[in-house]
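Just work09.txt here, compact mmCIF, C-alpha atoms:
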# COMPACT_ATOMS: atom_id res chain seq x y z
CA MET A 1 6.82 -46.19 -17.35
CA ASP A 2 3.97 -46.26 -14.78
CA ALA A 3 6.48 -46.33 -11.93
CA GLN A 4 8.16 -43.27 -13.36
CA LEU A 5 4.79 -41.48 -13.64
CA GLU A 6 3.98 -42.35 -10.00
CA GLN A 7 7.29 -40.93 -8.82
CA THR A 8 6.72 -37.73 -10.75
CA SER A 9 3.16 -37.25 -9.48
CA ALA A 10 4.13 -38.11 -5.90
CA ALA A 11 6.69 -35.31 -5.76
CA PRO A 12 5.77 -32.68 -3.19
CA VAL A 13 4.22 -29.54 -4.59
CA ARG A 14 5.98 -26.47 -3.29
CA ALA A 15 4.17 -23.24 -2.66
CA PRO A 16 5.56 -20.29 -4.56
CA ALA A 17 8.16 -18.38 -2.59
CA ARG A 18 6.59 -15.45 -0.78
CA ARG A 19 8.42 -12.19 -0.81
CA ARG A 20 9.21 -10.86 2.62
CA HIS A 21 8.56 -7.17 3.06
CA ARG A 22 10.26 -5.07 5.71
CA GLY A 23 9.31 -1.92 7.53
CA VAL A 24 5.98 -0.36 6.63
CA LEU A 25 5.86 -2.41 3.42
CA ARG A 26 5.04 -5.51 5.48
CA TYR A 27 1.48 -4.16 5.73
CA PRO A 28 -0.72 -5.03 2.72
CA LEU A 29 -2.62 -1.75 3.08
CA VAL A 30 0.57 0.30 2.62
CA ARG A 31 1.60 -1.70 -0.46
CA GLN A 32 -1.90 -1.33 -1.92
CA LEU A 33 -1.93 2.41 -1.27
CA LEU A 34 1.41 2.82 -3.06
CA ARG A 35 0.22 0.84 -6.09
CA PHE A 36 -3.16 2.63 -6.02
CA THR A 37 -1.35 5.97 -6.03
CA ALA A 38 0.70 5.01 -9.09
CA VAL A 39 -2.46 3.91 -10.92
CA GLY A 40 -4.17 7.11 -9.81
CA VAL A 41 -1.41 9.31 -11.20
CA VAL A 42 -1.71 7.65 -14.62
CA CYS A 43 -5.51 7.79 -14.64
CA THR A 44 -5.65 11.37 -13.35
CA ALA A 45 -3.22 12.59 -15.98
CA THR A 46 -5.24 10.82 -18.67
CA SER A 47 -8.52 12.20 -17.32
CA LEU A 48 -7.20 15.77 -17.09
CA ALA A 49 -5.80 15.59 -20.62
CA LEU A 50 -9.15 14.32 -21.94
CA TYR A 51 -10.99 17.04 -19.99
CA ALA A 52 -8.73 19.80 -21.29
CA PHE A 53 -9.13 18.49 -24.84
CA LEU A 54 -12.94 18.08 -24.70
CA ARG A 55 -13.80 21.19 -22.61
CA PRO A 56 -13.78 23.72 -25.48
CA TYR A 57 -16.05 21.51 -27.59
CA VAL A 58 -18.66 20.18 -25.16
CA GLY A 59 -18.53 22.31 -21.97
CA ALA A 60 -17.32 21.63 -18.43
CA GLN A 61 -19.79 19.02 -17.11
CA PRO A 62 -19.93 16.83 -20.26
CA ALA A 63 -16.13 16.99 -20.59
CA ASN A 64 -15.72 15.94 -16.95
CA ALA A 65 -18.23 13.09 -17.30
CA THR A 66 -16.72 11.85 -20.55
CA ALA A 67 -13.17 11.94 -19.19
CA LEU A 68 -14.17 10.05 -16.03
CA VAL A 69 -16.19 7.40 -17.82
CA LEU A 70 -13.51 6.81 -20.46
CA THR A 71 -10.78 6.43 -17.86
CA SER A 72 -12.93 4.33 -15.48
CA LEU A 73 -12.42 1.07 -17.34
CA MET A 74 -8.68 1.68 -17.45
CA ASN A 75 -8.69 2.56 -13.76
CA THR A 76 -10.63 -0.54 -12.71
CA ALA A 77 -8.50 -2.84 -14.87
CA LEU A 78 -5.23 -1.39 -13.56
CA ASN A 79 -6.36 -1.45 -9.93
CA ARG A 80 -7.69 -4.98 -10.31
CA ARG A 81 -4.39 -6.22 -11.71
CA LEU A 82 -1.76 -4.03 -10.04
CA THR A 83 -3.22 -2.77 -6.76
CA PHE A 84 -5.18 -5.83 -5.67
CA LYS A 85 -3.25 -8.50 -7.64
CA ILE A 86 -6.35 -10.13 -9.12
CA THR A 87 -5.31 -11.85 -12.33
CA GLU A 88 -8.03 -14.43 -12.93
CA ARG A 89 -10.92 -13.61 -15.22
CA HIS A 90 -13.45 -14.81 -12.66
CA ARG A 91 -15.89 -11.98 -11.79
CA MET A 92 -14.16 -9.52 -14.14
CA LYS A 93 -17.43 -8.25 -15.66
CA ARG A 94 -18.95 -7.74 -12.22
CA ASP A 95 -15.79 -5.96 -11.05
CA HIS A 96 -15.97 -3.56 -14.00
CA LEU A 97 -19.69 -2.89 -13.50
CA ASN A 98 -19.08 -2.17 -9.82
CA GLY A 99 -16.13 0.00 -10.88
CA LEU A 100 -18.55 2.09 -12.95
CA ILE A 101 -20.66 2.63 -9.81
CA VAL A 102 -17.54 3.81 -8.00
CA ILE A 103 -16.77 6.17 -10.88
CA LEU A 104 -20.33 7.55 -10.69
CA VAL A 105 -19.65 8.44 -7.06
CA ALA A 106 -16.45 10.20 -8.19
CA LEU A 107 -18.47 11.96 -10.90
CA LEU A 108 -20.92 13.24 -8.30
CA ILE A 109 -18.04 14.60 -6.21
CA THR A 110 -16.14 16.23 -9.09
CA GLY A 111 -19.27 17.35 -10.94
CA GLY A 112 -20.63 18.80 -7.72
CA SER A 113 -17.40 20.71 -7.20
CA LEU A 114 -17.65 22.15 -10.72
CA GLY A 115 -21.24 23.15 -10.05
CA ILE A 116 -20.21 24.93 -6.86
CA LEU A 117 -17.29 26.63 -8.65
CA HIS A 118 -19.61 27.95 -11.38
CA TRP A 119 -22.15 29.04 -8.79
CA ILE A 120 -19.47 30.98 -6.88
CA ASN A 121 -17.58 32.19 -9.98
CA PRO A 122 -19.60 32.00 -13.23
CA ALA A 123 -16.61 33.32 -15.21
CA ALA A 124 -14.23 30.56 -14.02
CA THR A 125 -11.45 29.70 -16.46
CA VAL A 126 -10.49 26.24 -17.66
CA ALA A 127 -7.49 26.42 -15.32
CA ASP A 128 -9.87 27.12 -12.39
CA GLU A 129 -11.97 24.12 -13.45
CA LEU A 130 -8.89 21.88 -13.70
CA TRP A 131 -7.76 22.89 -10.20
CA THR A 132 -11.24 22.36 -8.83
CA THR A 133 -11.65 18.91 -10.38
CA THR A 134 -8.15 17.95 -9.27
CA LEU A 135 -8.80 18.92 -5.65
CA ALA A 136 -12.20 17.24 -5.69
CA GLY A 137 -10.49 14.27 -7.30
CA PHE A 138 -8.39 13.81 -4.15
CA ALA A 139 -11.57 13.38 -2.10
CA ALA A 140 -13.05 11.13 -4.78
CA THR A 141 -9.84 9.08 -4.75
CA ALA A 142 -10.10 8.40 -1.02
CA VAL A 143 -13.70 7.29 -1.50
CA ARG A 144 -12.73 5.18 -4.54
CA PHE A 145 -9.92 3.36 -2.70
CA THR A 146 -12.19 2.61 0.24
CA LEU A 147 -14.95 1.24 -2.02
CA LEU A 148 -12.52 -0.80 -4.12
CA ARG A 149 -10.76 -2.29 -1.11
CA HIS A 150 -13.77 -3.01 1.10
CA TRP A 151 -16.45 -3.74 -1.48
CA ILE A 152 -15.31 -4.71 -4.97
CA PHE A 153 -11.93 -6.31 -4.31
CA ARG A 154 -12.38 -7.33 -0.66
CA ARG A 155 -11.38 -10.88 -1.64
CA ALA A 156 -7.85 -9.57 -2.22
CA ARG A 157 -7.42 -7.20 0.73
CA HIS A 158 -4.28 -8.91 2.04
CA ARG A 159 -2.25 -9.16 -1.15
Take the structure I supplied and represent it as structure tokens, if you would.
Amino acid sequence: MDAQLEQTSAAPVRAPARRRHRGVLRYPLVRQLLRFTAVGVVCTATSLALYAFLRPYVGAQPANATALVLTSLMNTALNRRLTFKITERHRMKRDHLNGLIVILVALLITGGSLGILHWINPAATVADELWTTTLAGFAATAVRFTLLRHWIFRRARHR
């Protein structure tokens, strides 16, 4: 029995097969950007729906802040798992706290854009506000990806 156990434990451990990517997909940054974009589409749609729902009840700025904060945990969790391929629970709380900081930066960008819109056009419609937050969201998204990749999830930059 011991001889059988020794043979089993002495067997070489094989590394998992790595998938070979071709063309531009061989670059981790390109793969991460594609996955980040997919996560962003889901989170943006959710955020815009929440904003449109909450806007008549609480006003533009609180609706924007609420929508961003509520979708931030979903965004960080999805980017952690799908974009940067981090599956272990190690540092998850810290990642989510840092993700909230990143969302606050996005809130400053989108909230600032709403403030400018209302300063330029005090009678702006909800549709105007949605377009403004969407366009500002593109800038916030670039900042968010950069912060996630180079600060929060830098340990997984090459996945």
For this session: Would you mind listing what lies within 7 Å of A:Leu54 as a PyMOL selection string, with all atoms listed in the file counted and same-chain residues fewer than 4 positions away left out?
Result: chain A and resi 50+58+63
Determine, for each residue of stretch 73-104 of chain A having at least one atom at most 8 Å from an atom of stretch 147-155 of chain A, the closest pair of atoms and their separation in Å to one decimal, counting all atoms listed in the file; order by chain and ascending number, as a tab-separated table.
residue	atom	partner	partner_atom	distance
A:Arg80	CA	A:Phe153	CA	7.5
A:Phe84	CA	A:Phe153	CA	6.9
A:Asp95	CA	A:Ile152	CA	6.2
A:Asn98	CA	A:Ile152	CA	6.6
A:Gly99	CA	A:Ile152	CA	7.6
A:Val102	CA	A:Leu147	CA	7.0
For this session: Skip stretch 123-129 of chain A itself and residues of its chain fewer than 2 positions away, then list as an NGL selection string all residues within 10 Å of it, counting all atoms listed in the file.
Result: :A and (51-52 or 55-56 or 59-60 or 64 or 110 or 113-115 or 117-121 or 131-135)
Exercise. Expressed in Å to a single decimal, how great is the separation between atom CA of A:Thr66 and atom CA of A:Asn79?
Worked result: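 Between atom CA of A:Thr66 and atom CA of A:Asn79 the gap is 19.9 Å.
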Exercise. Just how far from atom CA of A:Arg91 is atom CA of A:Val42, in Å to one decimal?
Worked result: 24.4 Å
For this session: Tell me, in Å to one decimal, how far atom CA of A:Leu108 is from atom CA of A:Ser72.
Result: 14.0 Å
Exercise. Between A:Ser47, A:Thr83, A:Thr146, A:Gln61, which one has atoms that come closest to A:Gly111, using only C-alpha atoms?
Worked result: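 Of A:Ser47, A:Thr83, A:Thr146, A:Gln61, the one nearest A:Gly111 is A:Gln61, counting only C-alpha atoms.
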For this session: Name all residues at most 9 Å from A:Gly40 (count only C-alpha atoms; drop same-chain ones fewer than 4 positions away) and give them as a PyMOL selection string.
Result: chain A and resi 35-36+44-45+75+79+141
Problem set entry | Top pick for closest residue to A:Val105, considering A:Leu82, A:Ala140, A:Val30, A:Leu70 and counting only C-alpha atoms |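 Checking each of A:Leu82, A:Ala140, A:Val30, A:Leu70 against A:Val105, counting only C-alpha atoms, the winner is A:Ala140.
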For this session: Select, from A:Cys43, A:His90, A:Ile103, A:Lys85, the residue with the minimum atom-to-atom distance to A:Arg31, counting only C-alpha atoms.
Result: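 Using only C-alpha atoms, A:Arg31 sits closest to A:Lys85.
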Problem set entry | Nearest-residue call for A:Ala136, choices A:Arg20, A:Leu107, A:Pro122, A:Leu68, using all atoms listed in the file | A:Leu107
